[in-house]
>>> print(open('model-v5.cif').read())   # mmCIF, C-alpha atoms
data_structure
loop_
_atom_site.label_atom_id
_atom_site.label_comp_id
_atom_site.auth_asym_id
_atom_site.auth_seq_id
_atom_site.Cartn_x
_atom_site.Cartn_y
_atom_site.Cartn_z
CA MET A 39 157.77 145.35 186.67
CA SER A 40 158.58 141.71 187.42
CA ASN A 41 161.31 139.50 186.00
CA ILE A 42 162.32 135.87 186.42
CA ALA A 43 165.35 133.92 185.28
CA ILE A 44 165.05 130.38 183.95
CA ILE A 45 168.10 128.13 183.85
CA PRO A 46 167.42 124.87 181.97
CA ALA A 47 169.67 122.07 183.23
CA ARG A 48 168.69 118.56 182.22
CA ALA A 49 170.82 115.62 183.29
CA GLY A 50 170.90 113.56 180.12
CA SER A 51 173.56 115.12 177.92
CA LYS A 52 174.80 112.36 175.62
CA ARG A 53 178.06 113.86 174.34
CA LEU A 54 179.35 115.10 177.71
CA SER A 55 177.71 113.35 180.64
CA GLN A 56 176.32 115.62 183.40
CA LYS A 57 177.95 118.62 181.74
CA ASN A 58 175.80 121.18 183.55
CA ILE A 59 177.29 120.30 186.93
CA LEU A 60 180.87 119.41 185.99
CA PRO A 61 183.28 121.22 188.35
CA VAL A 62 185.14 124.35 187.29
CA GLN A 63 187.34 125.83 190.01
CA ASP A 64 185.55 123.79 192.68
CA LYS A 65 182.04 124.88 191.67
CA PRO A 66 179.57 123.14 189.36
CA MET A 67 179.19 125.02 186.08
CA LEU A 68 175.52 125.66 186.84
CA ALA A 69 176.49 127.72 189.88
CA TYR A 70 178.18 130.49 187.87
CA PRO A 71 175.28 131.72 185.70
CA LEU A 72 172.95 131.19 188.65
CA MET A 73 175.04 133.35 190.99
CA ASN A 74 175.45 136.04 188.33
CA ALA A 75 171.70 136.11 187.79
CA ILE A 76 171.23 136.70 191.52
CA LYS A 77 174.06 139.26 191.56
CA SER A 78 172.33 141.28 188.81
CA LYS A 79 169.46 142.01 191.27
CA LEU A 80 166.99 141.96 188.37
CA PHE A 81 164.97 138.90 189.29
CA ASP A 82 162.10 138.10 191.61
CA GLN A 83 162.99 134.43 191.19
CA VAL A 84 165.87 132.49 189.67
CA ILE A 85 164.55 129.07 188.68
CA VAL A 86 166.47 125.94 187.76
CA SER A 87 164.34 123.72 185.52
CA THR A 88 165.49 120.10 185.62
CA GLU A 89 164.16 116.57 185.85
CA ASP A 90 167.08 115.60 188.09
CA GLU A 91 166.84 115.85 191.89
CA ALA A 92 170.63 116.14 192.33
CA ILE A 93 170.86 119.06 189.89
CA GLY A 94 167.85 120.67 191.55
CA LYS A 95 169.55 120.40 194.93
CA ILE A 96 172.71 122.06 193.57
CA GLY A 97 170.54 124.87 192.25
CA GLN A 98 168.89 125.32 195.64
CA GLU A 99 172.25 125.33 197.43
CA SER A 100 173.37 128.13 195.08
CA GLY A 101 170.30 130.22 195.87
CA ALA A 102 167.80 129.28 193.17
CA ARG A 103 164.38 127.68 193.18
CA PHE A 104 164.18 124.10 191.88
CA LEU A 105 161.22 123.53 189.57
CA LYS A 106 160.99 119.93 188.44
CA ARG A 107 160.15 119.41 184.80
CA PRO A 108 158.46 116.28 183.42
CA GLU A 109 160.62 113.59 181.81
CA SER A 110 158.91 114.36 178.50
CA LEU A 111 160.72 117.73 178.52
CA ALA A 112 164.10 116.19 179.35
CA GLN A 113 164.68 114.31 176.10
CA ASP A 114 167.28 114.88 173.38
CA ARG A 115 164.71 116.63 171.20
CA SER A 116 163.17 118.73 173.98
CA THR A 117 163.60 122.43 173.21
CA VAL A 118 164.44 125.38 175.41
CA VAL A 119 161.22 127.02 174.18
CA GLU A 120 159.18 124.11 175.56
CA VAL A 121 161.06 124.25 178.86
CA CYS A 122 160.44 127.98 179.25
CA GLN A 123 156.77 127.52 178.38
CA HIS A 124 156.48 124.88 181.10
CA VAL A 125 158.05 127.13 183.75
CA LEU A 126 155.87 130.09 182.81
CA LYS A 127 152.71 127.97 182.88
CA GLU A 128 153.60 126.59 186.31
CA LEU A 129 154.17 130.12 187.61
CA LYS A 130 150.84 131.23 186.17
CA LYS A 131 149.14 128.54 188.29
CA GLU A 132 150.71 130.27 191.30
CA GLY A 133 149.42 133.66 190.16
CA MET A 134 152.86 134.82 189.04
CA VAL A 135 153.14 136.07 185.45
CA PRO A 136 156.35 138.06 184.99
CA ASP A 137 156.52 140.95 182.57
CA PHE A 138 159.88 139.71 181.28
CA PHE A 139 161.90 136.55 181.65
CA CYS A 140 165.50 135.65 180.96
CA CYS A 141 166.61 132.20 179.88
CA ILE A 142 170.26 131.61 180.79
CA TYR A 143 172.08 128.46 179.76
CA ALA A 144 173.65 126.44 182.59
CA THR A 145 176.97 126.27 180.72
CA ALA A 146 177.21 130.06 180.20
CA ILE A 147 179.78 130.31 182.97
CA PHE A 148 181.61 133.32 181.50
CA LEU A 149 178.43 135.39 181.20
CA THR A 150 178.64 138.18 183.78
CA SER A 151 176.00 139.93 185.85
CA GLN A 152 176.78 143.05 183.81
CA ASP A 153 176.00 141.14 180.60
CA ILE A 154 172.61 140.24 182.07
CA ILE A 155 171.96 143.87 183.03
CA ASP A 156 173.12 145.33 179.71
CA SER A 157 171.14 142.88 177.61
CA PHE A 158 168.01 143.67 179.65
CA LYS A 159 168.51 147.36 178.87
CA LEU A 160 168.34 146.55 175.15
CA LEU A 161 164.94 144.96 175.71
CA THR A 162 163.48 147.79 177.77
CA GLU A 163 164.94 150.84 176.04
CA SER A 164 162.84 150.30 172.90
CA SER A 165 159.16 149.36 172.86
CA LYS A 166 159.73 147.71 169.48
CA VAL A 167 162.12 145.04 170.78
CA ASN A 168 160.43 141.83 171.91
CA VAL A 169 163.43 139.51 172.31
CA VAL A 170 167.14 140.03 172.99
CA MET A 171 169.43 137.13 172.12
CA GLY A 172 173.07 136.58 173.01
CA VAL A 173 174.99 136.49 169.73
CA SER A 174 178.58 136.27 168.51
CA LYS A 175 180.35 136.68 165.20
CA PHE A 176 181.36 133.56 163.30
CA ASN A 177 184.99 132.47 163.68
CA LEU A 178 184.99 131.62 159.96
CA GLN A 179 182.82 133.20 157.29
CA PRO A 180 179.73 130.97 156.87
CA VAL A 181 179.09 132.20 153.32
CA GLN A 182 182.29 130.39 152.31
CA ALA A 183 180.86 127.05 153.45
CA LEU A 184 181.57 124.01 151.29
CA GLU A 185 178.98 121.27 150.98
CA LYS A 186 180.20 117.67 150.94
CA LYS A 187 178.92 115.89 147.86
CA GLU A 188 178.94 112.25 146.82
CA GLY A 189 182.42 110.80 146.39
CA GLY A 190 184.03 113.31 148.74
CA LEU A 191 183.81 116.26 146.35
CA LEU A 192 183.14 119.74 147.71
CA LYS A 193 180.89 122.43 146.29
CA PRO A 194 180.41 126.03 147.52
CA MET A 195 177.06 126.45 149.23
CA TRP A 196 176.98 130.08 148.09
CA PRO A 197 179.08 130.27 144.91
CA GLU A 198 178.40 134.00 144.56
CA TYR A 199 180.76 134.55 147.52
CA ALA A 200 183.45 132.02 146.56
CA SER A 201 185.74 134.67 145.08
CA VAL A 202 184.62 137.68 147.12
CA GLN A 203 186.96 139.18 149.70
CA SER A 204 185.78 138.76 153.29
CA GLN A 205 185.37 142.50 153.89
CA PHE A 206 182.56 142.44 151.33
CA HIS A 207 180.67 139.56 152.95
CA PRO A 208 177.40 140.23 154.79
CA SER A 209 177.67 141.05 158.48
CA LEU A 210 176.46 137.88 160.18
CA VAL A 211 176.12 136.79 163.81
CA VAL A 212 174.76 133.62 165.38
CA SER A 213 172.89 132.74 168.56
CA ASN A 214 175.68 131.73 170.95
CA GLY A 215 173.74 129.65 173.48
CA THR A 216 174.15 131.94 176.48
CA ILE A 217 171.11 134.14 177.12
CA TYR A 218 167.66 135.15 175.86
CA TRP A 219 165.48 137.93 177.23
CA ALA A 220 161.83 138.04 176.19
CA LYS A 221 158.56 139.78 176.88
CA THR A 222 156.48 137.06 178.48
CA ASP A 223 153.14 137.73 176.78
CA ARG A 224 154.74 137.94 173.36
CA PHE A 225 156.76 134.75 173.89
CA LEU A 226 153.73 132.77 174.99
CA GLN A 227 151.87 134.03 171.95
CA LYS A 228 154.60 133.39 169.35
CA LYS A 229 156.32 130.39 171.02
CA THR A 230 159.74 131.35 169.69
CA PHE A 231 162.81 133.42 170.52
CA TYR A 232 163.19 134.25 166.82
CA ASP A 233 160.71 137.09 167.00
CA ASP A 234 160.19 139.57 164.15
CA ASN A 235 161.52 142.25 166.49
CA LEU A 236 164.68 140.49 167.65
CA MET A 237 167.83 142.29 168.81
CA GLY A 238 171.24 140.78 169.44
CA TYR A 239 173.42 141.34 172.47
CA GLU A 240 176.86 140.77 170.95
CA MET A 241 179.68 139.28 172.97
CA PRO A 242 183.05 137.74 172.11
CA TRP A 243 183.00 134.06 171.18
CA VAL A 244 185.24 133.17 174.13
CA LYS A 245 182.32 133.98 176.47
CA ALA A 246 180.11 131.55 174.62
CA LEU A 247 182.12 128.37 174.15
CA ASP A 248 179.96 125.41 173.18
CA ILE A 249 180.69 122.92 175.96
CA ASP A 250 179.71 119.55 174.53
CA THR A 251 182.91 117.53 174.46
CA LYS A 252 185.72 116.64 176.86
CA GLU A 253 188.03 118.81 174.77
CA SER A 254 185.79 121.88 175.01
CA PHE A 255 185.45 121.35 178.77
CA GLU A 256 189.24 121.24 179.13
CA ILE A 257 189.48 124.55 177.23
CA VAL A 258 186.94 126.09 179.62
CA LYS A 259 188.97 124.95 182.63
CA MET A 260 192.11 126.52 181.14
CA LEU A 261 190.32 129.84 180.51
CA ALA A 262 188.55 129.92 183.86
CA PRO A 263 191.37 131.40 185.98
CA SER A 264 191.44 134.55 183.83
CA LEU A 265 187.79 134.88 182.82
CA LEU A 266 186.32 134.10 186.24
CA ALA A 267 188.80 136.26 188.14
#
>>> encode(input="model-v5.cif", output="structure tokens")
Amino acid sequence: MSNIAIIPARAGSKRLSQKNILPVQDKPMLAYPLMNAIKSKLFDQVIVSTEDEAIGKIGQESGARFLKRPESLAQDRSTVVEVCQHVLKELKKEGMVPDFFCCIYATAIFLTSQDIIDSFKLLTESSKVNVVMGVSKFNLQPVQALEKKEGGLLKPMWPEYASVQSQFHPSLVVSNGTIYWAKTDRFLQKKTFYDDNLMGYEMPWVKALDIDTKESFEIVKMLAPSLLA
């Protein structure tokens, strides 16, 4: 059984420049998920996919392989599915087709090696599961969302839940932008992580902060001393 880890890390983030390599406790953010992937001892290769030579060098210095992606896959609308497809196709040219692969986001710095191991177990313990996705509960109930209408008026998106107590709302989780495990053959066939046989690996929202602004990065730096201890 062979596994690889793919860490997408493009340079061109618009909202928070070079966010993937911003320093947290004297290490670039990219280094944390990369080192935890290596620490899990699950992978034949840990691959950083980037168009940027400097990011690729940081990945290599942390113990990963740098696989350069084309500029066409480093645009605002480039998807993580396309990036993973590119890596897997390049490996196939080398005669390496892993049974499973794990896509780990470069900003998932609070994801632990044990999270990587435990989520992999969910994928392998049932033959029916094709994808495992890192998920978290919503901080606020999404079924109580209000849609902004013309003139500043608000209207419930789901009026059937407007007066329903929260304990009677559906149990909902959301992809938290940390980790995906997938069976390689199935992924290349379906070209999506939203497989019919999808299972969630649930983790607290604090492990999956969306780091896209200066404010969110400051929060991460404040949490780092306790969560990276």
>>> resolve_selection(input="model-v5.cif", expression="the PyMOL selection byres ((chain A and resi 106) around 12)", output="ChimeraX atom specification")
/A:45-49,85-95,97-98,103-105,107-112,121,124-125,128
>>> write_last_selection(input="model-v5.cif", atoms="C-alpha atoms", output="PDB file, keeping the file's coordinate frame")
ATOM      1  CA  ILE A  45     168.100 128.130 183.850  1.00  0.00           C
ATOM      2  CA  PRO A  46     167.420 124.870 181.970  1.00  0.00           C
ATOM      3  CA  ALA A  47     169.670 122.070 183.230  1.00  0.00           C
ATOM      4  CA  ARG A  48     168.690 118.560 182.220  1.00  0.00           C
ATOM      5  CA  ALA A  49     170.820 115.620 183.290  1.00  0.00           C
ATOM      6  CA  ILE A  85     164.550 129.070 188.680  1.00  0.00           C
ATOM      7  CA  VAL A  86     166.470 125.940 187.760  1.00  0.00           C
ATOM      8  CA  SER A  87     164.340 123.720 185.520  1.00  0.00           C
ATOM      9  CA  THR A  88     165.490 120.100 185.620  1.00  0.00           C
ATOM     10  CA  GLU A  89     164.160 116.570 185.850  1.00  0.00           C
ATOM     11  CA  ASP A  90     167.080 115.600 188.090  1.00  0.00           C
ATOM     12  CA  GLU A  91     166.840 115.850 191.890  1.00  0.00           C
ATOM     13  CA  ALA A  92     170.630 116.140 192.330  1.00  0.00           C
ATOM     14  CA  ILE A  93     170.860 119.060 189.890  1.00  0.00           C
ATOM     15  CA  GLY A  94     167.850 120.670 191.550  1.00  0.00           C
ATOM     16  CA  LYS A  95     169.550 120.400 194.930  1.00  0.00           C
ATOM     17  CA  GLY A  97     170.540 124.870 192.250  1.00  0.00           C
ATOM     18  CA  GLN A  98     168.890 125.320 195.640  1.00  0.00           C
ATOM     19  CA  ARG A 103     164.380 127.680 193.180  1.00  0.00           C
ATOM     20  CA  PHE A 104     164.180 124.100 191.880  1.00  0.00           C
ATOM     21  CA  LEU A 105     161.220 123.530 189.570  1.00  0.00           C
ATOM     22  CA  ARG A 107     160.150 119.410 184.800  1.00  0.00           C
ATOM     23  CA  PRO A 108     158.460 116.280 183.420  1.00  0.00           C
ATOM     24  CA  GLU A 109     160.620 113.590 181.810  1.00  0.00           C
ATOM     25  CA  SER A 110     158.910 114.360 178.500  1.00  0.00           C
ATOM     26  CA  LEU A 111     160.720 117.730 178.520  1.00  0.00           C
ATOM     27  CA  ALA A 112     164.100 116.190 179.350  1.00  0.00           C
ATOM     28  CA  VAL A 121     161.060 124.250 178.860  1.00  0.00           C
ATOM     29  CA  HIS A 124     156.480 124.880 181.100  1.00  0.00           C
ATOM     30  CA  VAL A 125     158.050 127.130 183.750  1.00  0.00           C
ATOM     31  CA  GLU A 128     153.600 126.590 186.310  1.00  0.00           C
TER      32      GLU A 128
END
>>> resolve_selection(input="model-v5.cif", expression="the PyMOL selection byres ((chain A and resi 134) around 12)", output="list in words")
Met39, Ser40, Asn41, Ile42, Asp82, Gln83, Val125, Leu126, Lys127, Glu128, Leu129, Lys130, Lys131, Glu132, Gly133, Val135, Pro136, Asp137, Phe138, Phe139 and Thr222 of chain A
>>> write_last_selection(input="model-v5.cif", atoms="C-alpha atoms", output="short mmCIF file (atom, residue, chain, number, x, y, z; two decimals), in the coordinates of the input")
data_model
loop_
_atom_site.label_atom_id
_atom_site.label_comp_id
_atom_site.auth_asym_id
_atom_site.auth_seq_id
_atom_site.Cartn_x
_atom_site.Cartn_y
_atom_site.Cartn_z
CA MET A 39 157.77 145.35 186.67
CA SER A 40 158.58 141.71 187.42
CA ASN A 41 161.31 139.50 186.00
CA ILE A 42 162.32 135.87 186.42
CA ASP A 82 162.10 138.10 191.61
CA GLN A 83 162.99 134.43 191.19
CA VAL A 125 158.05 127.13 183.75
CA LEU A 126 155.87 130.09 182.81
CA LYS A 127 152.71 127.97 182.88
CA GLU A 128 153.60 126.59 186.31
CA LEU A 129 154.17 130.12 187.61
CA LYS A 130 150.84 131.23 186.17
CA LYS A 131 149.14 128.54 188.29
CA GLU A 132 150.71 130.27 191.30
CA GLY A 133 149.42 133.66 190.16
CA VAL A 135 153.14 136.07 185.45
CA PRO A 136 156.35 138.06 184.99
CA ASP A 137 156.52 140.95 182.57
CA PHE A 138 159.88 139.71 181.28
CA PHE A 139 161.90 136.55 181.65
CA THR A 222 156.48 137.06 178.48
#
>>> closest_atom_pairs(input="model-v5.cif", of="stretch 137-200 of chain A", to="stretch 53-67 of chain A", cutoff="10 Å", atoms="only C-alpha atoms", output="CSV")
residue,atom,partner,partner_atom,distance
A:Tyr143,CA,A:Asn58,CA,9.0
A:Ala144,CA,A:Asn58,CA,5.8
A:Thr145,CA,A:Met67,CA,5.9
A:Ala146,CA,A:Met67,CA,8.0
A:Ile147,CA,A:Met67,CA,6.2
A:Phe148,CA,A:Met67,CA,9.8
>>> closest_residue(input="model-v5.cif", among="A:Ile96, A:Ala200, A:Ala220, A:Ala75", to="A:Gln152", atoms="only C-alpha atoms")
A:Ala75
>>> closest_residue(input="model-v5.cif", among="A:Cys141, A:Met73, A:Leu184, A:Leu178", to="A:Gln123", atoms="all atoms listed in the file")
A:Cys141
>>> atom_distance(input="model-v5.cif", atom1="atom CA of A:Ile142", atom2="atom CA of A:Ile44")
6.2 Å
>>> atom_distance(input="model-v5.cif", atom1="atom CA of A:Trp243", atom2="atom CA of A:Phe176")
8.1 Å
>>> atom_distance(input="model-v5.cif", atom1="atom CA of A:Pro71", atom2="atom CA of A:Ala262")
13.5 Å
>>> resolve_selection(input="model-v5.cif", expression="the PyMOL selection byres ((chain A and resi 153) around 12)", output="PyMOL selection string")
chain A and resi 71+74-75+77-78+80+140+142+146-152+154-160+170-173+216-219+239-242+245
>>> build_atoms(input="model-v5.cif", residues="stretch 150-183 of chain A", atoms="N, CA and C atoms", output="PDB file, in the frame of the given file")
ATOM      1  N   THR A 150     178.541 137.423 182.531  1.00  0.00           N
ATOM      2  CA  THR A 150     178.640 138.180 183.780  1.00  0.00           C
ATOM      3  C   THR A 150     177.298 138.788 184.175  1.00  0.00           C
ATOM      4  N   SER A 151     177.215 139.231 185.411  1.00  0.00           N
ATOM      5  CA  SER A 151     176.000 139.930 185.850  1.00  0.00           C
ATOM      6  C   SER A 151     175.800 141.196 185.037  1.00  0.00           C
ATOM      7  N   GLN A 152     176.900 141.844 184.617  1.00  0.00           N
ATOM      8  CA  GLN A 152     176.780 143.050 183.810  1.00  0.00           C
ATOM      9  C   GLN A 152     176.221 142.732 182.427  1.00  0.00           C
ATOM     10  N   ASP A 153     176.582 141.576 181.874  1.00  0.00           N
ATOM     11  CA  ASP A 153     176.000 141.140 180.600  1.00  0.00           C
ATOM     12  C   ASP A 153     174.483 141.000 180.740  1.00  0.00           C
ATOM     13  N   ILE A 154     174.050 140.431 181.839  1.00  0.00           N
ATOM     14  CA  ILE A 154     172.610 140.240 182.070  1.00  0.00           C
ATOM     15  C   ILE A 154     171.918 141.590 182.171  1.00  0.00           C
ATOM     16  N   ILE A 155     172.532 142.526 182.869  1.00  0.00           N
ATOM     17  CA  ILE A 155     171.960 143.870 183.030  1.00  0.00           C
ATOM     18  C   ILE A 155     171.928 144.614 181.694  1.00  0.00           C
ATOM     19  N   ASP A 156     173.041 144.586 180.975  1.00  0.00           N
ATOM     20  CA  ASP A 156     173.120 145.330 179.710  1.00  0.00           C
ATOM     21  C   ASP A 156     172.190 144.771 178.645  1.00  0.00           C
ATOM     22  N   SER A 157     172.051 143.462 178.599  1.00  0.00           N
ATOM     23  CA  SER A 157     171.140 142.880 177.610  1.00  0.00           C
ATOM     24  C   SER A 157     169.687 143.199 177.949  1.00  0.00           C
ATOM     25  N   PHE A 158     169.371 143.284 179.243  1.00  0.00           N
ATOM     26  CA  PHE A 158     168.010 143.670 179.650  1.00  0.00           C
ATOM     27  C   PHE A 158     167.707 145.109 179.225  1.00  0.00           C
ATOM     28  N   LYS A 159     168.702 145.976 179.294  1.00  0.00           N
ATOM     29  CA  LYS A 159     168.510 147.360 178.870  1.00  0.00           C
ATOM     30  C   LYS A 159     168.108 147.433 177.393  1.00  0.00           C
ATOM     31  N   LEU A 160     168.693 146.560 176.570  1.00  0.00           N
ATOM     32  CA  LEU A 160     168.340 146.550 175.150  1.00  0.00           C
ATOM     33  C   LEU A 160     166.862 146.214 174.957  1.00  0.00           C
ATOM     34  N   LEU A 161     166.342 145.355 175.821  1.00  0.00           N
ATOM     35  CA  LEU A 161     164.940 144.960 175.710  1.00  0.00           C
ATOM     36  C   LEU A 161     164.004 146.068 176.163  1.00  0.00           C
ATOM     37  N   THR A 162     164.399 146.819 177.157  1.00  0.00           N
ATOM     38  CA  THR A 162     163.480 147.790 177.770  1.00  0.00           C
ATOM     39  C   THR A 162     163.628 149.208 177.215  1.00  0.00           C
ATOM     40  N   GLU A 163     164.728 149.486 176.538  1.00  0.00           N
ATOM     41  CA  GLU A 163     164.940 150.840 176.040  1.00  0.00           C
ATOM     42  C   GLU A 163     164.164 151.130 174.757  1.00  0.00           C
ATOM     43  N   SER A 164     163.639 150.099 174.112  1.00  0.00           N
ATOM     44  CA  SER A 164     162.840 150.300 172.900  1.00  0.00           C
ATOM     45  C   SER A 164     161.571 149.461 172.994  1.00  0.00           C
ATOM     46  N   SER A 165     160.434 150.083 172.808  1.00  0.00           N
ATOM     47  CA  SER A 165     159.160 149.360 172.860  1.00  0.00           C
ATOM     48  C   SER A 165     159.008 148.396 171.701  1.00  0.00           C
ATOM     49  N   LYS A 166     159.833 148.558 170.666  1.00  0.00           N
ATOM     50  CA  LYS A 166     159.730 147.710 169.480  1.00  0.00           C
ATOM     51  C   LYS A 166     160.416 146.356 169.658  1.00  0.00           C
ATOM     52  N   VAL A 167     161.352 146.267 170.590  1.00  0.00           N
ATOM     53  CA  VAL A 167     162.120 145.040 170.780  1.00  0.00           C
ATOM     54  C   VAL A 167     161.354 144.067 171.662  1.00  0.00           C
ATOM     55  N   ASN A 168     161.161 142.845 171.157  1.00  0.00           N
ATOM     56  CA  ASN A 168     160.430 141.830 171.910  1.00  0.00           C
ATOM     57  C   ASN A 168     161.351 140.749 172.501  1.00  0.00           C
ATOM     58  N   VAL A 169     162.480 140.526 171.858  1.00  0.00           N
ATOM     59  CA  VAL A 169     163.430 139.510 172.310  1.00  0.00           C
ATOM     60  C   VAL A 169     164.848 140.037 172.137  1.00  0.00           C
ATOM     61  N   VAL A 170     165.698 139.756 173.122  1.00  0.00           N
ATOM     62  CA  VAL A 170     167.140 140.030 172.990  1.00  0.00           C
ATOM     63  C   VAL A 170     167.850 138.694 173.141  1.00  0.00           C
ATOM     64  N   MET A 171     168.733 138.418 172.197  1.00  0.00           N
ATOM     65  CA  MET A 171     169.430 137.130 172.120  1.00  0.00           C
ATOM     66  C   MET A 171     170.927 137.345 172.195  1.00  0.00           C
ATOM     67  N   GLY A 172     171.613 136.546 172.994  1.00  0.00           N
ATOM     68  CA  GLY A 172     173.070 136.580 173.010  1.00  0.00           C
ATOM     69  C   GLY A 172     173.616 136.071 171.685  1.00  0.00           C
ATOM     70  N   VAL A 173     174.454 136.870 171.036  1.00  0.00           N
ATOM     71  CA  VAL A 173     174.990 136.490 169.730  1.00  0.00           C
ATOM     72  C   VAL A 173     176.496 136.739 169.696  1.00  0.00           C
ATOM     73  N   SER A 174     177.153 136.063 168.757  1.00  0.00           N
ATOM     74  CA  SER A 174     178.580 136.270 168.510  1.00  0.00           C
ATOM     75  C   SER A 174     178.828 136.203 167.011  1.00  0.00           C
ATOM     76  N   LYS A 175     179.943 136.801 166.590  1.00  0.00           N
ATOM     77  CA  LYS A 175     180.350 136.680 165.200  1.00  0.00           C
ATOM     78  C   LYS A 175     180.872 135.276 164.936  1.00  0.00           C
ATOM     79  N   PHE A 176     180.809 134.854 163.689  1.00  0.00           N
ATOM     80  CA  PHE A 176     181.360 133.560 163.300  1.00  0.00           C
ATOM     81  C   PHE A 176     182.886 133.625 163.311  1.00  0.00           C
ATOM     82  N   ASN A 177     183.525 132.524 163.744  1.00  0.00           N
ATOM     83  CA  ASN A 177     184.990 132.470 163.680  1.00  0.00           C
ATOM     84  C   ASN A 177     185.471 132.394 162.232  1.00  0.00           C
ATOM     85  N   LEU A 178     184.712 131.706 161.392  1.00  0.00           N
ATOM     86  CA  LEU A 178     184.990 131.620 159.960  1.00  0.00           C
ATOM     87  C   LEU A 178     183.751 132.080 159.219  1.00  0.00           C
ATOM     88  N   GLN A 179     183.944 132.654 158.054  1.00  0.00           N
ATOM     89  CA  GLN A 179     182.820 133.200 157.290  1.00  0.00           C
ATOM     90  C   GLN A 179     181.883 132.086 156.808  1.00  0.00           C
ATOM     91  N   PRO A 180     180.639 132.045 157.256  1.00  0.00           N
ATOM     92  CA  PRO A 180     179.730 130.970 156.870  1.00  0.00           C
ATOM     93  C   PRO A 180     179.371 130.977 155.387  1.00  0.00           C
ATOM     94  N   VAL A 181     179.449 132.158 154.738  1.00  0.00           N
ATOM     95  CA  VAL A 181     179.090 132.200 153.320  1.00  0.00           C
ATOM     96  C   VAL A 181     180.135 131.515 152.445  1.00  0.00           C
ATOM     97  N   GLN A 182     181.273 131.139 153.048  1.00  0.00           N
ATOM     98  CA  GLN A 182     182.290 130.390 152.310  1.00  0.00           C
ATOM     99  C   GLN A 182     182.185 128.886 152.584  1.00  0.00           C
ATOM    100  N   ALA A 183     181.049 128.462 153.133  1.00  0.00           N
ATOM    101  CA  ALA A 183     180.860 127.050 153.450  1.00  0.00           C
ATOM    102  C   ALA A 183     180.918 126.192 152.191  1.00  0.00           C
TER     103      ALA A 183
END
